[in-house]
file target-v4.cif (mmCIF, C-alpha atoms)
data_work
loop_
_atom_site.label_atom_id
_atom_site.label_comp_id
_atom_site.auth_asym_id
_atom_site.auth_seq_id
_atom_site.Cartn_x
_atom_site.Cartn_y
_atom_site.Cartn_z
CA MET A 1 108.74 81.69 86.68
CA ALA A 2 109.20 77.92 86.55
CA PRO A 3 107.78 75.86 89.40
CA SER A 4 110.35 74.90 92.04
CA ASN A 5 109.98 71.19 91.33
CA GLU A 6 110.80 71.78 87.64
CA VAL A 7 113.95 73.67 88.61
CA THR A 8 114.91 70.82 90.91
CA ASP A 9 114.36 68.28 88.14
CA ARG A 10 116.56 70.29 85.76
CA GLU A 11 119.32 70.63 88.34
CA ALA A 12 119.22 66.89 88.95
CA LEU A 13 119.42 66.26 85.21
CA THR A 14 122.48 68.46 84.68
CA SER A 15 124.29 67.14 87.75
CA ARG A 16 123.69 63.46 87.14
CA VAL A 17 126.56 61.00 86.73
CA VAL A 18 125.97 58.46 83.95
CA PRO A 19 127.66 55.07 84.37
CA SER A 20 129.89 53.80 81.56
CA MET A 21 130.21 50.29 80.21
CA VAL A 22 133.43 48.45 80.90
CA PHE A 23 134.80 46.05 78.30
CA SER A 24 137.19 43.20 78.92
CA ASP A 25 140.79 43.60 77.76
CA GLY A 26 140.78 40.00 76.56
CA GLY A 27 143.98 39.20 78.41
CA ALA A 28 144.94 35.92 80.02
CA SER A 29 143.76 37.12 83.44
CA SER A 30 140.41 38.41 82.12
CA MET A 31 137.10 36.59 81.91
CA THR A 32 137.39 36.50 78.11
CA PRO A 33 140.76 34.93 77.28
CA ALA A 34 141.28 33.17 73.98
CA PRO A 35 141.00 29.38 74.25
CA THR A 36 144.08 27.22 73.95
CA ALA A 37 144.28 26.03 70.37
CA SER A 38 144.95 22.35 69.92
CA ILE A 39 144.18 19.56 67.49
CA GLU A 40 143.17 16.29 69.07
CA SER A 41 144.86 13.14 67.79
CA ASP A 42 141.58 11.25 68.18
CA PRO A 43 138.94 12.75 65.87
CA ALA A 44 136.12 11.44 68.02
CA VAL A 45 137.53 13.23 71.06
CA GLY A 46 138.00 16.43 69.08
CA ALA A 47 134.43 16.33 67.81
CA GLN A 48 133.08 15.67 71.29
CA LYS A 49 135.09 18.45 72.93
CA ARG A 50 134.08 21.01 70.32
CA PHE A 51 130.45 20.92 71.39
CA THR A 52 130.86 20.06 75.06
CA VAL A 53 128.27 21.58 77.39
CA ARG A 54 129.64 22.16 80.87
CA GLY A 55 128.01 22.94 84.18
CA ASN A 56 124.37 23.36 85.08
CA ALA A 57 121.48 24.98 83.24
CA VAL A 58 118.21 26.70 84.04
CA VAL A 59 115.68 26.38 81.24
CA THR A 60 112.58 28.55 81.55
CA GLY A 61 109.48 27.24 79.83
CA GLY A 62 111.41 24.00 79.83
CA ALA A 63 108.35 21.78 80.18
CA GLY A 64 107.07 22.73 76.73
CA THR A 65 107.83 20.76 73.57
CA LEU A 66 110.69 22.95 72.36
CA GLY A 67 112.14 23.29 75.84
CA LEU A 68 112.08 19.55 76.56
CA ARG A 69 113.75 18.64 73.28
CA SER A 70 116.50 21.18 73.89
CA CYS A 71 116.97 20.01 77.49
CA ASP A 72 117.48 16.49 76.19
CA ALA A 73 120.05 17.69 73.64
CA LEU A 74 121.98 19.70 76.25
CA LEU A 75 122.12 16.63 78.47
CA GLU A 76 123.37 14.51 75.58
CA HIS A 77 126.26 16.95 75.13
CA GLY A 78 127.39 16.79 78.74
CA LEU A 79 125.15 19.07 80.82
CA GLU A 80 125.78 18.12 84.44
CA GLY A 81 122.60 19.42 86.05
CA LEU A 82 119.24 20.74 84.88
CA MET A 83 116.61 22.89 86.53
CA ILE A 84 113.37 23.42 84.61
CA PHE A 85 111.35 26.53 85.42
CA ASP A 86 107.77 26.35 84.22
CA VAL A 87 104.40 27.75 85.24
CA ASN A 88 103.12 24.17 85.41
CA PRO A 89 105.87 21.53 85.09
CA ALA A 90 103.42 18.85 86.18
CA ASN A 91 101.91 18.96 82.69
CA SER A 92 105.06 17.25 81.40
CA GLU A 93 105.68 14.97 84.37
CA LYS A 94 105.84 11.84 82.18
CA GLU A 95 108.33 13.32 79.72
CA ILE A 96 110.54 14.65 82.52
CA ALA A 97 110.49 11.24 84.24
CA GLN A 98 111.62 9.65 80.97
CA MET A 99 114.45 12.17 80.76
CA GLN A 100 115.51 11.36 84.31
CA ALA A 101 115.56 7.65 83.43
CA LYS A 102 117.63 8.34 80.31
CA PHE A 103 120.20 10.34 82.30
CA PRO A 104 120.28 8.58 85.71
CA ASN A 105 123.56 10.18 86.77
CA VAL A 106 122.37 13.75 86.19
CA LYS A 107 120.39 15.77 88.69
CA ILE A 108 117.21 16.93 86.91
CA SER A 109 114.73 19.01 88.89
CA THR A 110 111.77 21.29 88.29
CA GLN A 111 110.30 24.35 89.94
CA LYS A 112 106.95 26.04 89.42
CA VAL A 113 107.91 29.62 88.66
CA ASP A 114 106.14 32.74 87.41
CA VAL A 115 108.90 34.55 85.52
CA THR A 116 107.16 37.91 85.93
CA ASP A 117 107.52 37.67 89.72
CA GLU A 118 110.94 39.12 90.53
CA GLU A 119 111.07 37.77 94.07
CA ALA A 120 109.87 34.31 93.00
CA VAL A 121 112.58 34.13 90.33
CA LYS A 122 115.24 35.24 92.83
CA VAL A 123 114.18 32.52 95.27
CA ALA A 124 114.03 29.92 92.48
CA MET A 125 117.57 30.79 91.34
CA GLU A 126 118.82 30.52 94.92
CA GLU A 127 117.13 27.13 95.26
CA THR A 128 118.74 26.04 91.99
CA VAL A 129 122.18 26.82 93.37
CA LYS A 130 121.38 24.80 96.50
CA VAL A 131 120.24 21.83 94.42
CA LEU A 132 122.74 21.91 91.55
CA GLY A 133 125.65 23.87 92.99
CA SER A 134 125.87 26.55 90.31
CA ILE A 135 124.12 28.24 87.39
CA ASP A 136 126.23 28.26 84.24
CA ILE A 137 123.65 28.34 81.45
CA LEU A 138 120.27 30.00 81.08
CA VAL A 139 117.94 29.29 78.17
CA CYS A 140 114.68 31.25 78.10
CA PHE A 141 111.90 29.51 76.18
CA VAL A 142 109.03 30.90 78.22
CA GLY A 143 106.54 32.91 76.19
CA VAL A 144 102.90 33.39 75.30
CA VAL A 145 101.17 34.52 72.12
CA GLY A 146 97.86 36.19 71.38
CA CYS A 147 96.35 36.66 67.94
CA VAL A 148 93.90 39.55 67.84
CA GLU A 149 93.26 42.56 65.63
CA SER A 150 95.16 45.57 66.94
CA LEU A 151 92.04 47.75 67.03
CA GLU A 152 90.39 45.21 69.30
CA MET A 153 93.32 44.23 71.51
CA PRO A 154 92.69 44.75 75.24
CA ILE A 155 95.58 46.71 76.74
CA ALA A 156 95.68 44.18 79.56
CA GLN A 157 96.53 41.47 77.01
CA TRP A 158 99.25 43.66 75.46
CA ARG A 159 100.83 44.21 78.88
CA ARG A 160 100.62 40.55 79.84
CA ILE A 161 102.38 39.36 76.69
CA LEU A 162 105.22 41.88 77.03
CA ASP A 163 105.46 41.24 80.76
CA ILE A 164 105.97 37.49 80.26
CA ASN A 165 107.96 37.42 77.04
CA THR A 166 110.21 40.44 77.49
CA THR A 167 110.26 41.55 81.13
CA GLY A 168 110.16 37.96 82.35
CA SER A 169 113.19 37.11 80.23
CA PHE A 170 115.12 40.07 81.66
CA ILE A 171 114.16 39.18 85.23
CA CYS A 172 115.49 35.65 84.74
CA ALA A 173 118.63 36.83 82.94
CA GLN A 174 119.44 39.38 85.63
CA ALA A 175 118.98 36.85 88.44
CA ALA A 176 121.06 34.20 86.64
CA ALA A 177 123.79 36.67 85.69
CA ARG A 178 124.13 37.89 89.26
CA GLN A 179 124.85 34.30 90.29
CA MET A 180 127.26 33.81 87.37
CA VAL A 181 129.18 36.94 88.37
CA LYS A 182 129.32 35.72 91.96
CA GLN A 183 130.69 32.35 90.80
CA GLY A 184 133.36 34.03 88.64
CA ASN A 185 133.27 31.41 85.87
CA GLY A 186 131.25 33.19 83.21
CA GLY A 187 128.24 31.65 81.55
CA ALA A 188 125.91 31.56 78.56
CA ILE A 189 122.45 33.09 78.24
CA THR A 190 120.18 32.36 75.28
CA PHE A 191 116.82 33.98 74.68
CA VAL A 192 114.44 32.21 72.33
CA ALA A 193 113.13 35.05 70.19
CA SER A 194 111.25 34.33 66.97
CA ILE A 195 111.02 34.98 63.27
CA SER A 196 108.29 37.32 64.52
CA ALA A 197 111.07 39.60 65.75
CA HIS A 198 112.19 40.13 62.15
CA ARG A 199 109.00 40.52 60.13
CA VAL A 200 105.24 40.87 60.38
CA ASN A 201 103.64 37.45 60.53
CA TYR A 202 101.02 36.52 57.96
CA PRO A 203 98.11 35.96 57.96
CA GLN A 204 97.51 36.11 61.72
CA PRO A 205 97.66 39.50 63.52
CA GLN A 206 99.83 39.23 66.67
CA ILE A 207 101.34 42.65 67.26
CA ALA A 208 102.09 42.23 70.97
CA TYR A 209 103.96 38.96 70.45
CA ASN A 210 105.97 40.41 67.57
CA VAL A 211 106.96 43.47 69.59
CA SER A 212 107.85 41.36 72.63
CA LYS A 213 110.15 39.15 70.57
CA SER A 214 111.79 42.01 68.69
CA ALA A 215 112.57 43.54 72.08
CA LEU A 216 114.52 40.39 72.96
CA LEU A 217 116.91 41.10 70.09
CA MET A 218 117.88 44.45 71.59
CA LEU A 219 117.88 42.99 75.08
CA LYS A 220 120.49 40.39 74.13
CA SER A 221 122.60 43.02 72.35
CA CYS A 222 122.64 45.31 75.39
CA LEU A 223 123.43 42.50 77.79
CA ALA A 224 126.08 41.08 75.45
CA ALA A 225 127.87 44.43 75.59
CA GLU A 226 127.48 44.95 79.33
CA TRP A 227 128.13 41.45 80.61
CA ALA A 228 130.94 40.24 78.34
CA ARG A 229 133.55 41.43 80.83
CA TYR A 230 132.17 38.86 83.27
CA GLY A 231 132.60 36.08 80.72
CA ILE A 232 128.86 35.93 80.10
CA ARG A 233 127.79 35.47 76.49
CA THR A 234 124.25 36.54 75.56
CA ASN A 235 122.58 35.49 72.31
CA THR A 236 119.19 34.84 70.76
CA VAL A 237 117.70 32.14 68.56
CA SER A 238 114.85 33.07 66.21
CA PRO A 239 112.82 30.00 65.25
CA GLY A 240 110.33 30.03 62.43
CA TYR A 241 107.02 28.19 62.67
CA MET A 242 107.62 25.01 64.65
CA ASP A 243 105.35 21.98 64.44
CA THR A 244 104.26 21.79 68.08
CA ILE A 245 100.92 21.47 69.85
CA LEU A 246 100.68 25.28 69.87
CA ASN A 247 100.37 25.19 66.08
CA GLU A 248 97.92 22.30 65.81
CA GLY A 249 94.16 22.13 65.38
CA ASP A 250 91.55 22.46 62.65
CA GLY A 251 91.07 26.13 63.51
CA ILE A 252 94.49 27.03 62.10
CA ALA A 253 94.71 24.46 59.31
CA GLU A 254 94.54 27.20 56.68
CA HIS A 255 97.20 29.19 58.47
CA ARG A 256 99.50 26.15 58.52
CA ARG A 257 99.01 25.75 54.77
CA ILE A 258 99.94 29.39 54.18
CA TRP A 259 102.97 29.21 56.47
CA ALA A 260 104.28 26.20 54.57
CA GLU A 261 103.61 27.73 51.15
CA ARG A 262 105.49 30.91 52.10
CA ASN A 263 108.59 28.98 53.15
CA PRO A 264 111.23 27.82 50.64
CA THR A 265 111.36 24.42 52.33
CA GLY A 266 107.59 24.04 52.00
CA ARG A 267 107.02 23.02 55.61
CA MET A 268 107.19 23.97 59.26
CA GLY A 269 110.15 23.12 61.43
CA SER A 270 110.53 20.09 63.68
CA PRO A 271 111.41 20.78 67.35
CA SER A 272 114.55 18.66 66.90
CA GLU A 273 115.80 21.12 64.27
CA LEU A 274 116.19 23.84 66.91
CA THR A 275 118.25 21.82 69.35
CA GLY A 276 121.57 22.07 67.51
CA THR A 277 121.58 25.85 67.72
CA ILE A 278 120.73 25.76 71.43
CA VAL A 279 123.62 23.36 72.01
CA LEU A 280 125.98 25.48 69.91
CA LEU A 281 125.31 28.65 71.89
CA SER A 282 125.60 26.80 75.21
CA SER A 283 128.73 24.84 74.36
CA SER A 284 132.46 25.40 74.00
CA ALA A 285 131.91 25.78 70.24
CA GLY A 286 130.14 29.08 70.93
CA SER A 287 132.90 30.67 72.99
CA TYR A 288 133.26 33.66 70.60
CA ILE A 289 129.57 34.01 69.76
CA ASN A 290 128.18 36.95 71.71
CA GLY A 291 125.37 39.34 70.82
CA SER A 292 124.28 37.23 67.86
CA ASP A 293 120.88 36.13 66.64
CA ILE A 294 120.62 32.86 64.76
CA VAL A 295 117.54 32.43 62.58
CA VAL A 296 116.27 28.84 62.30
CA ASP A 297 113.34 29.06 59.93
CA GLY A 298 113.98 27.04 56.78
CA GLY A 299 114.72 30.20 54.83
CA GLY A 300 111.38 31.91 55.46
CA ILE A 301 113.09 35.19 56.31
CA VAL A 302 114.41 35.56 52.77
CA LEU A 303 110.91 36.09 51.35
#
call {"tool": "encode", "arguments": {"input": "target-v4.cif", "output": "structure tokens"}}
result
Amino acid sequence: MAPSNEVTDREALTSRVVPSMVFSDGGASSMTPAPTASIESDPAVGAQKRFTVRGNAVVTGGAGTLGLRSCDALLEHGLEGLMIFDVNPANSEKEIAQMQAKFPNVKISTQKVDVTDEEAVKVAMEETVKVLGSIDILVCFVGVVGCVESLEMPIAQWRRILDINTTGSFICAQAAARQMVKQGNGGAITFVASISAHRVNYPQPQIAYNVSKSALLMLKSCLAAEWARYGIRTNTVSPGYMDTILNEGDGIAEHRRIWAERNPTGRMGSPSELTGTIVLLSSSAGSYINGSDIVVDGGGIVL
């Protein structure tokens, strides 16, 4: 005879009600209507409008090299307000001050945020709305890496990497999307995944990082399906090896040589080469891009 708790569990399983996704009908009164097609008489105006970035953005990990360069590009294309979430934004105080001087009419603020802390993220998003007025764009750069042989990897390190890179991204996306739904104007969410989500990196072993980034690909696909009816587009960008401080130092000189040799372009990417894709997915030009992953790696994925 089965234990009573097992019977109860089975009864609960067979009587459960599973929610169903709801898609937009794409009509004029929906959150996903087709844009009005028009050709501008002034080519400069047409070009500018095509990649216009509207509203306010939260950029997590925005005080890092890749985040700062993309923040600058978003501001150049019309971003009206910027909130940088970072575990230590003070590390880039000089660069952020320069950005504020470059865009004196734009409100640019920072908050020290641990993206794995659900309550802290909720409070930070609420503070962002108070400061900027709305949240229309979320770009998640935040992430950590750890290179260690799988047989030797401490489980605590595995959990930390997935908690920051994957769970932290979902926590931020959920909090931002709740605000976007409340506002009723839609929005754009972009997760920065990695070429590591598509293939095993060589020669360094980094299983936890690779798994955490591959999870972002499915995360964006699920959210793209669920949240489209609210006018929220969710996509990912998968950069290859980028030439930042994280990839510098004599200790990885041989790795850098191998990475370059295994890429058709023969080099690593410049942070500026990622900014166009971030702008695209955040701008009016990306209005029909949802659930996509754009690889920016110089062709490394083809090998």
call {"tool": "resolve_selection", "arguments": {"input": "target-v4.cif", "expression": "the PyMOL selection byres ((chain A and resi 74-85) around 7)", "output": "ChimeraX atom specification"}}
result
/A:51-63,70-73,86,106-113,128,132,279
call {"tool": "residues_around", "arguments": {"input": "target-v4.cif", "residues": "A:Arg69", "least_positions_apart": "3", "cutoff": "8 Å", "atoms": "all atoms listed in the file", "output": "list in words"}}
result
Thr65, Leu66, Asp72, Ala73, Pro271, Ser272 and Thr275 of chain A
call {"tool": "residues_around", "arguments": {"input": "target-v4.cif", "residues": "A:Cys147", "least_positions_apart": "2", "cutoff": "10 Å", "atoms": "all atoms listed in the file", "output": "VMD selection string"}}
result
chain A and resid 145 149 to 150 153 204 to 209
call {"tool": "resolve_selection", "arguments": {"input": "target-v4.cif", "expression": "the PyMOL selection byres ((chain A and resi 216) around 9)", "output": "ChimeraX atom specification"}}
result
/A:165-166,169-170,191-193,197,211-215,217-221,236
call {"tool": "closest_residue", "arguments": {"input": "target-v4.cif", "among": "A:Met268, A:Ile294, A:Ala188, A:Ala37", "to": "A:His255", "atoms": "only C-alpha atoms"}}
result
A:Met268
call {"tool": "resolve_selection", "arguments": {"input": "target-v4.cif", "expression": "the PyMOL selection byres ((chain A and resi 168) around 10)", "output": "NGL selection string"}}
result
:A and (60 or 114-118 or 121 or 140 or 142-143 or 161-167 or 169-174)
call {"tool": "closest_residue", "arguments": {"input": "target-v4.cif", "among": "A:Ala34, A:Val18, A:Leu68, A:Leu303", "to": "A:Thr244", "atoms": "all atoms listed in the file"}}
result
A:Leu68
call {"tool": "closest_residue", "arguments": {"input": "target-v4.cif", "among": "A:Ala225, A:Met242, A:Val22, A:Val45", "to": "A:Ile195", "atoms": "only C-alpha atoms"}}
result
A:Met242
call {"tool": "residues_around", "arguments": {"input": "target-v4.cif", "residues": "A:Arg256", "least_positions_apart": "4", "cutoff": "12 Å", "atoms": "all atoms listed in the file", "output": "list in words"}}
result
Tyr202, Pro203, Gln204, Tyr241, Met242, Asp243, Thr244, Leu246, Asn247, Glu248, Gly249, Asp250, Gly251, Ile252, Ala260, Glu261, Arg262, Asn263, Gly266, Arg267, Met268 and Gly269 of chain A
call {"tool": "closest_residue", "arguments": {"input": "target-v4.cif", "among": "A:Val129, A:Phe141, A:Glu226, A:Gly184", "to": "A:Leu274", "atoms": "all atoms listed in the file"}}
result
A:Phe141
call {"tool": "atom_distance", "arguments": {"input": "target-v4.cif", "atom1": "atom CA of A:Ala224", "atom2": "atom CA of A:Leu281"}}
result
13.0 Å
call {"tool": "atom_distance", "arguments": {"input": "target-v4.cif", "atom1": "atom CA of A:Thr234", "atom2": "atom CA of A:Thr190"}}
result
5.8 Å
call {"tool": "atom_distance", "arguments": {"input": "target-v4.cif", "atom1": "atom CA of A:Trp259", "atom2": "atom CA of A:Val200"}}
result
12.5 Å
call {"tool": "closest_residue", "arguments": {"input": "target-v4.cif", "among": "A:Gln179, A:Ala228, A:Asp136, A:Leu13", "to": "A:Val123", "atoms": "only C-alpha atoms"}}
result
A:Gln179
